[in-house]
$ cat work_3.cif   # mmCIF, C-alpha atoms
data_target
#
loop_
_atom_site.group_PDB
_atom_site.id
_atom_site.type_symbol
_atom_site.label_atom_id
_atom_site.label_comp_id
_atom_site.auth_asym_id
_atom_site.auth_seq_id
_atom_site.Cartn_x
_atom_site.Cartn_y
_atom_site.Cartn_z
ATOM 1 C CA MET A 63 0.000 0.000 0.000
ATOM 2 C CA SER A 64 1.311 3.463 -0.906
ATOM 3 C CA GLU A 65 2.209 5.974 1.778
ATOM 4 C CA LEU A 66 -0.675 8.225 0.719
ATOM 5 C CA ARG A 67 -3.195 5.418 1.090
ATOM 6 C CA SER A 68 -1.713 4.340 4.402
ATOM 7 C CA ARG A 69 -2.050 7.914 5.736
ATOM 8 C CA LEU A 70 -5.614 8.108 4.477
ATOM 9 C CA ARG A 71 -6.619 4.781 6.007
ATOM 10 C CA HIS A 72 -5.097 5.756 9.342
ATOM 11 C CA ALA A 73 -6.785 9.169 9.335
ATOM 12 C CA TYR A 74 -10.229 7.746 8.673
ATOM 13 C CA ALA A 75 -9.793 4.903 11.151
ATOM 14 C CA GLN A 76 -9.750 7.502 13.900
ATOM 15 C CA GLU A 77 -12.818 9.297 12.510
ATOM 16 C CA ALA A 78 -15.202 6.374 12.001
ATOM 17 C CA GLN A 79 -17.178 6.768 15.233
ATOM 18 C CA MET A 80 -17.481 10.540 14.948
ATOM 19 C CA ARG A 81 -18.529 10.429 11.287
ATOM 20 C CA ASP A 82 -21.117 7.755 12.001
ATOM 21 C CA THR A 83 -23.048 10.101 14.281
ATOM 22 C CA ARG A 84 -22.400 13.383 12.470
ATOM 23 C CA TYR A 85 -25.391 15.285 11.117
ATOM 24 C CA LYS A 86 -25.708 15.237 7.323
ATOM 25 C CA PRO A 87 -26.594 18.683 5.923
ATOM 26 C CA GLU A 88 -29.784 19.020 3.902
ATOM 27 C CA TRP A 89 -27.890 19.988 0.740
ATOM 28 C CA LYS A 90 -26.070 16.639 0.799
ATOM 29 C CA LYS A 91 -29.376 14.822 1.206
ATOM 30 C CA ARG A 92 -30.740 16.717 -1.805
ATOM 31 C CA GLU A 93 -27.795 15.610 -3.922
ATOM 32 C CA ARG A 94 -28.394 11.910 -3.302
ATOM 33 C CA GLN A 95 -32.177 12.272 -3.720
ATOM 34 C CA ARG A 96 -31.598 14.029 -7.031
ATOM 35 C CA PHE A 97 -29.459 11.119 -8.245
ATOM 36 C CA ALA A 98 -31.852 8.488 -6.927
ATOM 37 C CA SER A 99 -34.689 10.075 -8.893
ATOM 38 C CA LEU A 100 -32.760 9.419 -12.110
ATOM 39 C CA LEU A 101 -32.492 5.699 -11.343
ATOM 40 C CA LYS A 102 -36.109 4.791 -10.697
ATOM 41 C CA ARG A 103 -37.295 1.940 -12.944
ATOM 42 C CA GLU A 104 -39.114 -1.377 -12.737
ATOM 43 C CA GLU A 105 -36.130 -3.745 -12.763
ATOM 44 C CA PRO A 106 -33.651 -3.785 -9.840
ATOM 45 C CA VAL A 107 -30.900 -1.174 -9.973
ATOM 46 C CA ARG A 108 -27.411 -2.352 -8.979
ATOM 47 C CA LEU A 109 -25.607 0.564 -7.306
ATOM 48 C CA LEU A 110 -22.014 0.800 -6.095
ATOM 49 C CA GLU A 111 -20.913 3.471 -3.640
ATOM 50 C CA ILE A 112 -17.189 4.251 -3.811
ATOM 51 C CA GLY A 113 -15.836 5.764 -0.617
ATOM 52 C CA ALA A 114 -18.899 4.857 1.410
ATOM 53 C CA GLY A 115 -17.550 5.974 4.770
ATOM 54 C CA THR A 116 -19.893 4.783 7.503
ATOM 55 C CA GLY A 117 -22.610 3.920 4.986
ATOM 56 C CA GLN A 118 -25.148 6.704 5.471
ATOM 57 C CA ASP A 119 -25.642 7.217 1.736
ATOM 58 C CA SER A 120 -25.545 3.495 0.955
ATOM 59 C CA LEU A 121 -28.251 2.943 3.556
ATOM 60 C CA PHE A 122 -30.356 5.633 1.872
ATOM 61 C CA PHE A 123 -29.992 3.977 -1.539
ATOM 62 C CA HIS A 124 -30.711 0.549 -0.026
ATOM 63 C CA GLU A 125 -33.898 1.875 1.540
ATOM 64 C CA GLU A 126 -34.859 3.377 -1.838
ATOM 65 C CA GLY A 127 -34.907 -0.179 -3.156
ATOM 66 C CA PHE A 128 -31.571 -0.324 -4.973
ATOM 67 C CA VAL A 129 -29.286 -3.363 -4.761
ATOM 68 C CA THR A 130 -26.459 -1.529 -3.042
ATOM 69 C CA LEU A 131 -22.825 -2.424 -2.431
ATOM 70 C CA ALA A 132 -20.561 -0.129 -0.384
ATOM 71 C CA ILE A 133 -16.777 -0.052 -0.696
ATOM 72 C CA ASP A 134 -14.201 1.941 1.229
ATOM 73 C CA LEU A 135 -10.442 1.882 1.755
ATOM 74 C CA SER A 136 -10.894 1.905 5.543
ATOM 75 C CA PRO A 137 -11.730 -1.363 7.350
ATOM 76 C CA GLU A 138 -13.195 0.682 10.215
ATOM 77 C CA MET A 139 -15.575 2.440 7.846
ATOM 78 C CA VAL A 140 -16.587 -0.844 6.231
ATOM 79 C CA ALA A 141 -17.313 -2.261 9.690
ATOM 80 C CA LYS A 142 -19.713 0.651 10.305
ATOM 81 C CA CYS A 143 -21.447 -0.131 7.000
ATOM 82 C CA LYS A 144 -21.879 -3.770 7.987
ATOM 83 C CA GLU A 145 -23.347 -2.735 11.354
ATOM 84 C CA LYS A 146 -26.155 -1.142 9.317
ATOM 85 C CA GLY A 147 -26.790 -4.426 7.521
ATOM 86 C CA LEU A 148 -25.148 -3.267 4.305
ATOM 87 C CA ASP A 149 -23.146 -5.360 1.876
ATOM 88 C CA ALA A 150 -19.713 -3.740 2.167
ATOM 89 C CA GLN A 151 -16.117 -4.515 1.229
ATOM 90 C CA VAL A 152 -12.669 -2.997 1.722
ATOM 91 C CA MET A 153 -11.486 -1.991 -1.745
ATOM 92 C CA ASP A 154 -9.345 0.542 -3.610
ATOM 93 C CA ALA A 155 -11.162 2.696 -6.190
ATOM 94 C CA THR A 156 -8.402 2.141 -8.750
ATOM 95 C CA HIS A 157 -8.683 -1.670 -8.537
ATOM 96 C CA LEU A 158 -12.380 -2.528 -8.566
ATOM 97 C CA GLN A 159 -12.677 -6.280 -8.106
ATOM 98 C CA PHE A 160 -15.850 -6.768 -10.141
ATOM 99 C CA PRO A 161 -16.603 -8.182 -13.594
ATOM 100 C CA ASP A 162 -17.377 -5.823 -16.466
ATOM 101 C CA ASN A 163 -20.890 -4.316 -16.523
ATOM 102 C CA SER A 164 -21.574 -5.260 -12.883
ATOM 103 C CA PHE A 165 -23.489 -2.106 -11.901
ATOM 104 C CA ASP A 166 -26.148 0.217 -13.265
ATOM 105 C CA ALA A 167 -25.009 3.190 -11.205
ATOM 106 C CA VAL A 168 -22.055 4.450 -9.197
ATOM 107 C CA TRP A 169 -22.237 7.066 -6.435
ATOM 108 C CA SER A 170 -19.076 8.692 -5.085
ATOM 109 C CA PHE A 171 -19.275 11.765 -2.898
ATOM 110 C CA ASN A 172 -16.190 13.578 -1.605
ATOM 111 C CA CYS A 173 -13.923 10.554 -1.913
ATOM 112 C CA LEU A 174 -12.038 10.497 -5.202
ATOM 113 C CA LEU A 175 -10.409 13.855 -4.482
ATOM 114 C CA HIS A 176 -7.986 11.858 -2.314
ATOM 115 C CA LEU A 177 -6.480 10.234 -5.428
ATOM 116 C CA PRO A 178 -3.440 11.858 -7.077
ATOM 117 C CA LYS A 179 -4.275 13.299 -10.481
ATOM 118 C CA ARG A 180 -1.905 10.819 -12.139
ATOM 119 C CA GLU A 181 -4.292 8.027 -11.027
ATOM 120 C CA TRP A 182 -7.519 9.604 -12.239
ATOM 121 C CA ASN A 183 -7.434 8.109 -15.737
ATOM 122 C CA SER A 184 -7.070 4.556 -14.416
ATOM 123 C CA MET A 185 -9.768 5.201 -11.819
ATOM 124 C CA LEU A 186 -12.239 6.576 -14.386
ATOM 125 C CA ALA A 187 -11.486 3.696 -16.751
ATOM 126 C CA GLU A 188 -12.233 1.217 -13.951
ATOM 127 C CA ILE A 189 -15.560 2.865 -13.160
ATOM 128 C CA ARG A 190 -16.511 2.883 -16.836
ATOM 129 C CA ARG A 191 -15.566 -0.808 -17.068
ATOM 130 C CA ILE A 192 -17.788 -1.980 -14.212
ATOM 131 C CA LEU A 193 -20.789 0.101 -15.320
ATOM 132 C CA ALA A 194 -23.340 -1.436 -17.653
ATOM 133 C CA PRO A 195 -24.078 0.285 -20.989
ATOM 134 C CA GLY A 196 -25.929 3.508 -20.301
ATOM 135 C CA GLY A 197 -24.930 3.367 -16.624
ATOM 136 C CA LEU A 198 -24.895 6.547 -14.550
ATOM 137 C CA PHE A 199 -22.104 7.870 -12.337
ATOM 138 C CA TYR A 200 -22.500 10.664 -9.786
ATOM 139 C CA LEU A 201 -19.166 12.308 -9.012
ATOM 140 C CA GLY A 202 -19.122 14.864 -6.207
ATOM 141 C CA VAL A 203 -15.826 16.473 -5.210
ATOM 142 C CA TYR A 204 -14.682 19.720 -3.660
ATOM 143 C CA GLY A 205 -12.516 21.861 -5.898
ATOM 144 C CA GLY A 206 -12.694 24.838 -8.217
ATOM 145 C CA ARG A 207 -8.967 25.495 -8.045
ATOM 146 C CA ASP A 208 -5.877 23.684 -9.288
ATOM 147 C CA SER A 209 -3.833 22.201 -6.438
ATOM 148 C CA GLU A 210 -2.569 18.861 -5.197
ATOM 149 C CA GLY A 211 -0.837 17.726 -2.020
ATOM 150 C CA ILE A 212 -1.192 17.333 1.730
ATOM 151 C CA TRP A 213 -3.745 19.857 2.995
ATOM 152 C CA GLU A 214 -1.960 21.678 5.765
ATOM 153 C CA GLU A 215 -5.217 23.082 7.219
ATOM 154 C CA ASP A 216 -6.664 19.582 7.562
ATOM 155 C CA HIS A 217 -8.056 18.672 11.002
ATOM 156 C CA CYS A 218 -7.211 14.980 10.624
ATOM 157 C CA ASN A 219 -4.071 13.327 11.970
ATOM 158 C CA PRO A 220 -2.239 12.447 9.833
ATOM 159 C CA LYS A 221 -3.233 15.227 7.463
ATOM 160 C CA ARG A 222 -4.831 13.961 4.274
ATOM 161 C CA PHE A 223 -3.866 14.314 0.622
ATOM 162 C CA PHE A 224 -6.253 16.219 -1.674
ATOM 163 C CA ALA A 225 -6.296 16.776 -5.433
ATOM 164 C CA PHE A 226 -8.439 19.732 -6.503
ATOM 165 C CA HIS A 227 -9.405 20.454 -10.128
ATOM 166 C CA THR A 228 -10.669 23.566 -11.840
ATOM 167 C CA ASN A 229 -14.097 23.161 -13.420
ATOM 168 C CA ASP A 230 -12.668 23.062 -16.946
ATOM 169 C CA ALA A 231 -9.916 20.576 -16.067
ATOM 170 C CA LEU A 232 -12.332 18.233 -14.299
ATOM 171 C CA CYS A 233 -14.810 18.243 -17.166
ATOM 172 C CA GLU A 234 -12.061 17.695 -19.715
ATOM 173 C CA ARG A 235 -10.765 14.712 -17.787
ATOM 174 C CA VAL A 236 -14.089 12.931 -17.265
ATOM 175 C CA GLU A 237 -15.225 13.560 -20.845
ATOM 176 C CA GLN A 238 -12.590 11.082 -22.015
ATOM 177 C CA TYR A 239 -14.727 8.319 -20.497
ATOM 178 C CA PHE A 240 -18.256 9.642 -19.933
ATOM 179 C CA HIS A 241 -20.905 11.931 -21.306
ATOM 180 C CA ILE A 242 -21.577 14.836 -18.935
ATOM 181 C CA LEU A 243 -25.342 14.932 -18.424
ATOM 182 C CA ASP A 244 -25.198 17.616 -15.754
ATOM 183 C CA PHE A 245 -22.510 19.769 -14.161
ATOM 184 C CA ARG A 246 -23.068 22.087 -11.237
ATOM 185 C CA SER A 247 -20.600 24.014 -9.105
ATOM 186 C CA PHE A 248 -21.716 25.755 -5.924
ATOM 187 C CA ARG A 249 -20.366 26.824 -2.557
ATOM 188 C CA PRO A 250 -22.205 25.012 0.272
ATOM 189 C CA GLU A 251 -22.779 27.001 3.435
ATOM 190 C CA GLY A 252 -19.809 26.806 5.776
ATOM 191 C CA GLN A 253 -17.414 25.409 3.152
ATOM 192 C CA VAL A 254 -14.229 27.056 1.866
ATOM 193 C CA LEU A 255 -14.317 25.279 -1.505
ATOM 194 C CA ASP A 256 -16.916 24.751 -4.215
ATOM 195 C CA LEU A 257 -18.699 21.439 -4.603
ATOM 196 C CA GLN A 258 -18.411 20.125 -8.150
ATOM 197 C CA ALA A 259 -21.372 17.827 -8.834
ATOM 198 C CA LEU A 260 -21.380 15.827 -12.061
ATOM 199 C CA THR A 261 -23.922 13.344 -13.383
ATOM 200 C CA LEU A 262 -22.152 11.210 -15.968
ATOM 201 C CA GLN A 263 -23.170 8.463 -18.366
ATOM 202 C CA VAL A 264 -21.044 5.723 -19.885
ATOM 203 C CA LYS A 265 -20.062 6.418 -23.481
ATOM 204 C CA GLY A 266 -21.000 3.865 -26.100
ATOM 205 C CA GLU A 267 -18.491 2.268 -28.433
ATOM 206 C CA GLY A 268 -19.241 4.726 -31.231
ATOM 207 C CA ASP A 269 -19.186 7.864 -29.057
#

$ encode --input "work_3.cif" --output "C-alpha cells"
Amino acid sequence: MSELRSRLRHAYAQEAQMRDTRYKPEWKKRERQRFASLLKREEPVRLLEIGAGTGQDSLFFHEEGFVTLAIDLSPEMVAKCKEKGLDAQVMDATHLQFPDNSFDAVWSFNCLLHLPKREWNSMLAEIRRILAPGGLFYLGVYGGRDSEGIWEEDHCNPKRFFAFHTNDALCERVEQYFHILDFRSFRPEGQVLDLQALTLQVKGEGD
C-alpha cells in the first residue's frame, strides 16, 4: 500500500465513530435524492458506492430499493457499514474487483479527491468498465482550483492528501470516459471550496 493510502486509512480509522453520528446537511441529502430520482425503474438497480464511509448514503440507496454495495479503503468504515446491515467490502477505487458491466449506477461523494491526479485516468477507466451500458455515475468532489498535495489546514491526523481540479480541467478529464449529463458548481454554506457535482453516463463504443 502506498504511503498516501496508508495515511488516508489511518486518518479515517480515527474518525469512524465521529462520522457515524455526524449530522448530514440538507444539501447533501438533496444531492443523493436528485441522483436516486434518475435511477427509478421497474427492474432492480445495482448501485455501487465508492468511498462509502460509515454507509449513510448506501443505507439511503438501499432503503430506496436499490441493490447496493458499499466499498471503502478503511476497514473501520466498512465495519460501520456492515453494522447497518449493508453489503460492504474494503477496496481501492483504482482496482475494482468486479466483472465488467456489474453495476447500473455508481455514487461517489467527496472521496475520489484523495487520489493523485496521475491516477484519475485509471480510476475513471475502472468505473466505466464496471458500469453497464448507459450506466450513470455521480461524481461529487470539492474543488474549483488547481492544487494537489497534503492539505496543511486539515483537522485529521495524519493530514490527508487532496487533489483539486478547476471546473474546466475536471470536465475535460471525465469527458474522455463519460458523457456529462449535468454539471453544477456551488459553494455550500460553511465550506471554503466549491462542490463540483457531475452526473455522468457511460459512453458507447461509437461515441

$ closest_residue --input "work_3.cif" --among "A:Arg207, A:His176, A:Leu131, A:Lys86" --to "Lys221 of chain A" --atoms "all atoms listed in the file"
A:His176

$ residues_around --input "work_3.cif" --residues "Arg235 of chain A" --least-positions-apart "6" --cutoff "12 Å" --atoms "only C-alpha atoms" --output "number ranges by chain"
A: 179-187, 227-229, 241-242

$ residues_around --input "work_3.cif" --residues "Asp230 of chain A" --least-positions-apart "2" --cutoff "12 Å" --atoms "all atoms listed in the file" --output "ChimeraX atom specification"
/A:205-208,226-228,232-237,245-247,258

$ axis_aligned_box --input "work_3.cif" --around "segment 222-241 of chain A" --padding-each-side "4 Å" --output "AutoDock Vina command-line options"
--center_x -12.4 --center_y 15.9 --center_z -8.9 --size_x 25.0 --size_y 23.2 --size_z 34.3

$ resolve_selection --input "work_3.cif" --expression "the PyMOL selection byres ((chain A and resi 126) around 12)" --output "list in words"
Arg94, Gln95, Phe97, Ala98, Ser99, Leu101, Lys102, Arg103, Pro106, Val107, Arg108, Leu109, Asp119, Ser120, Leu121, Phe122, Phe123, His124, Glu125, Gly127, Phe128, Val129 and Thr130 of chain A

$ atom_distance --input "work_3.cif" --atom1 "atom CA of Ala78 of chain A" --atom2 "atom CA of Trp213 of chain A"
19.9 Å

$ closest_residue --input "work_3.cif" --among "A:Leu175, A:Leu110, A:Ile133, A:Lys146" --to "Ala194 of chain A" --atoms "all atoms listed in the file"
A:Leu110

$ residues_near_point --input "work_3.cif" --point "(-13.0, -0.8, 7.9)" --cutoff "10 Å" --atoms "only C-alpha atoms" --output "PyMOL selection string"
chain A and resi 71+74-75+78+115-116+133-144+150-153

$ atom_distance --input "work_3.cif" --atom1 "atom CA of Val264 of chain A" --atom2 "atom CA of Leu193 of chain A"
7.2 Å

$ residues_around --input "work_3.cif" --residues "Val203 of chain A" --least-positions-apart "4" --cutoff "8 Å" --atoms "all atoms listed in the file" --output "list in words"
Phe171, Asn172, Cys173, Leu174, Leu175, Leu257, Gln258 and Ala259 of chain A

$ atom_distance --input "work_3.cif" --atom1 "atom CA of Trp89 of chain A" --atom2 "atom CA of Gln118 of chain A"
14.4 Å

$ closest_residue --input "work_3.cif" --among "A:Pro178, A:Gly196, A:Gly113, A:Gly266" --to "Ala155 of chain A" --atoms "all atoms listed in the file"
A:Gly113

$ residues_around --input "work_3.cif" --residues "Arg191 of chain A" --least-positions-apart "6" --cutoff "12 Å" --atoms "all atoms listed in the file" --output "number ranges by chain"
A: 156-168, 184-185, 197, 199, 239-240, 264-266

$ closest_residue --input "work_3.cif" --among "A:Ser209, A:Glu93, A:Gly117, A:Pro250" --to "Phe223 of chain A" --atoms "only C-alpha atoms"
A:Ser209

$ residues_around --input "work_3.cif" --residues "Glu111 of chain A" --least-positions-apart "2" --cutoff "6 Å" --atoms "all atoms listed in the file" --output "list in words"
Ala114, Ala132, Val168, Trp169 and Ser170 of chain A

$ resolve_selection --input "work_3.cif" --expression "the PyMOL selection byres ((chain A and resi 218) around 10)" --output "PyMOL selection string"
chain A and resi 70+72-74+76-77+213-217+219-222

$ decode --input "work_3.cif" --residues "segment 76-118 of chain A" --atoms "N, CA and C atoms" --output "tab-separated table (two decimals), in the first residue's frame"
chain	number	residue	atom	x	y	z
A	76	GLN	N	-9.52	6.75	12.67
A	76	GLN	CA	-9.75	7.50	13.90
A	76	GLN	C	-11.05	8.31	13.87
A	77	GLU	N	-11.64	8.44	12.68
A	77	GLU	CA	-12.82	9.30	12.51
A	77	GLU	C	-14.12	8.50	12.38
A	78	ALA	N	-14.03	7.18	12.32
A	78	ALA	CA	-15.20	6.37	12.00
A	78	ALA	C	-16.36	6.62	12.97
A	79	GLN	N	-16.10	6.61	14.26
A	79	GLN	CA	-17.18	6.77	15.23
A	79	GLN	C	-17.80	8.15	15.14
A	80	MET	N	-16.96	9.18	15.03
A	80	MET	CA	-17.48	10.54	14.95
A	80	MET	C	-18.31	10.74	13.68
A	81	ARG	N	-17.82	10.24	12.55
A	81	ARG	CA	-18.53	10.43	11.29
A	81	ARG	C	-19.84	9.64	11.25
A	82	ASP	N	-19.91	8.57	12.00
A	82	ASP	CA	-21.12	7.75	12.00
A	82	ASP	C	-22.29	8.47	12.67
A	83	THR	N	-21.98	9.40	13.55
A	83	THR	CA	-23.05	10.10	14.28
A	83	THR	C	-23.19	11.56	13.85
A	84	ARG	N	-22.38	11.98	12.89
A	84	ARG	CA	-22.40	13.38	12.47
A	84	ARG	C	-23.63	13.68	11.63
A	85	TYR	N	-24.20	14.85	11.86
A	85	TYR	CA	-25.39	15.28	11.12
A	85	TYR	C	-25.05	15.52	9.65
A	86	LYS	N	-25.90	15.03	8.76
A	86	LYS	CA	-25.71	15.24	7.32
A	86	LYS	C	-26.52	16.45	6.88
A	87	PRO	N	-25.88	17.47	6.33
A	87	PRO	CA	-26.59	18.68	5.92
A	87	PRO	C	-27.66	18.38	4.86
A	88	GLU	N	-28.68	19.22	4.83
A	88	GLU	CA	-29.78	19.02	3.90
A	88	GLU	C	-29.32	19.07	2.45
A	89	TRP	N	-28.33	19.89	2.13
A	89	TRP	CA	-27.89	19.99	0.74
A	89	TRP	C	-27.27	18.68	0.27
A	90	LYS	N	-26.61	17.95	1.17
A	90	LYS	CA	-26.07	16.64	0.80
A	90	LYS	C	-27.19	15.64	0.57
A	91	LYS	N	-28.23	15.71	1.39
A	91	LYS	CA	-29.38	14.82	1.21
A	91	LYS	C	-30.06	15.10	-0.13
A	92	ARG	N	-30.12	16.38	-0.53
A	92	ARG	CA	-30.74	16.72	-1.81
A	92	ARG	C	-29.94	16.15	-2.98
A	93	GLU	N	-28.62	16.14	-2.84
A	93	GLU	CA	-27.80	15.61	-3.92
A	93	GLU	C	-28.09	14.13	-4.17
A	94	ARG	N	-28.16	13.34	-3.10
A	94	ARG	CA	-28.39	11.91	-3.30
A	94	ARG	C	-29.82	11.65	-3.76
A	95	GLN	N	-30.80	12.45	-3.27
A	95	GLN	CA	-32.18	12.27	-3.72
A	95	GLN	C	-32.31	12.62	-5.19
A	96	ARG	N	-31.59	13.63	-5.62
A	96	ARG	CA	-31.60	14.03	-7.03
A	96	ARG	C	-31.09	12.88	-7.91
A	97	PHE	N	-30.01	12.23	-7.47
A	97	PHE	CA	-29.46	11.12	-8.24
A	97	PHE	C	-30.40	9.92	-8.21
A	98	ALA	N	-30.94	9.62	-7.05
A	98	ALA	CA	-31.85	8.49	-6.93
A	98	ALA	C	-33.05	8.63	-7.86
A	99	SER	N	-33.52	9.85	-8.04
A	99	SER	CA	-34.69	10.07	-8.89
A	99	SER	C	-34.40	9.74	-10.35
A	100	LEU	N	-33.12	9.77	-10.73
A	100	LEU	CA	-32.76	9.42	-12.11
A	100	LEU	C	-32.71	7.91	-12.33
A	101	LEU	N	-32.72	7.14	-11.25
A	101	LEU	CA	-32.49	5.70	-11.34
A	101	LEU	C	-33.76	4.88	-11.21
A	102	LYS	N	-34.87	5.53	-10.93
A	102	LYS	CA	-36.11	4.79	-10.70
A	102	LYS	C	-36.56	4.05	-11.96
A	103	ARG	N	-36.77	2.74	-11.85
A	103	ARG	CA	-37.30	1.94	-12.94
A	103	ARG	C	-37.81	0.63	-12.38
A	104	GLU	N	-38.45	-0.17	-13.22
A	104	GLU	CA	-39.11	-1.38	-12.74
A	104	GLU	C	-38.12	-2.45	-12.31
A	105	GLU	N	-37.08	-2.69	-13.11
A	105	GLU	CA	-36.13	-3.75	-12.76
A	105	GLU	C	-35.17	-3.26	-11.68
A	106	PRO	N	-34.57	-4.18	-10.91
A	106	PRO	CA	-33.65	-3.78	-9.84
A	106	PRO	C	-32.45	-3.00	-10.37
A	107	VAL	N	-32.06	-1.99	-9.63
A	107	VAL	CA	-30.90	-1.17	-9.97
A	107	VAL	C	-29.74	-1.59	-9.09
A	108	ARG	N	-28.62	-1.96	-9.71
A	108	ARG	CA	-27.41	-2.35	-8.98
A	108	ARG	C	-26.53	-1.11	-8.82
A	109	LEU	N	-26.34	-0.68	-7.57
A	109	LEU	CA	-25.61	0.56	-7.31
A	109	LEU	C	-24.38	0.29	-6.45
A	110	LEU	N	-23.26	0.87	-6.85
A	110	LEU	CA	-22.01	0.80	-6.10
A	110	LEU	C	-21.70	2.18	-5.53
A	111	GLU	N	-21.43	2.23	-4.22
A	111	GLU	CA	-20.91	3.47	-3.64
A	111	GLU	C	-19.42	3.31	-3.41
A	112	ILE	N	-18.64	4.24	-3.97
A	112	ILE	CA	-17.19	4.25	-3.81
A	112	ILE	C	-16.84	5.30	-2.76
A	113	GLY	N	-16.14	4.86	-1.72
A	113	GLY	CA	-15.84	5.76	-0.62
A	113	GLY	C	-17.05	5.94	0.27
A	114	ALA	N	-17.60	4.83	0.72
A	114	ALA	CA	-18.90	4.86	1.41
A	114	ALA	C	-18.83	5.41	2.82
A	115	GLY	N	-17.63	5.52	3.39
A	115	GLY	CA	-17.55	5.97	4.77
A	115	GLY	C	-18.33	5.04	5.68
A	116	THR	N	-19.14	5.60	6.55
A	116	THR	CA	-19.89	4.78	7.50
A	116	THR	C	-21.20	4.25	6.94
A	117	GLY	N	-21.48	4.54	5.66
A	117	GLY	CA	-22.61	3.92	4.99
A	117	GLY	C	-23.91	4.69	5.03
A	118	GLN	N	-23.90	5.95	5.39
A	118	GLN	CA	-25.15	6.70	5.47
A	118	GLN	C	-25.83	6.82	4.11
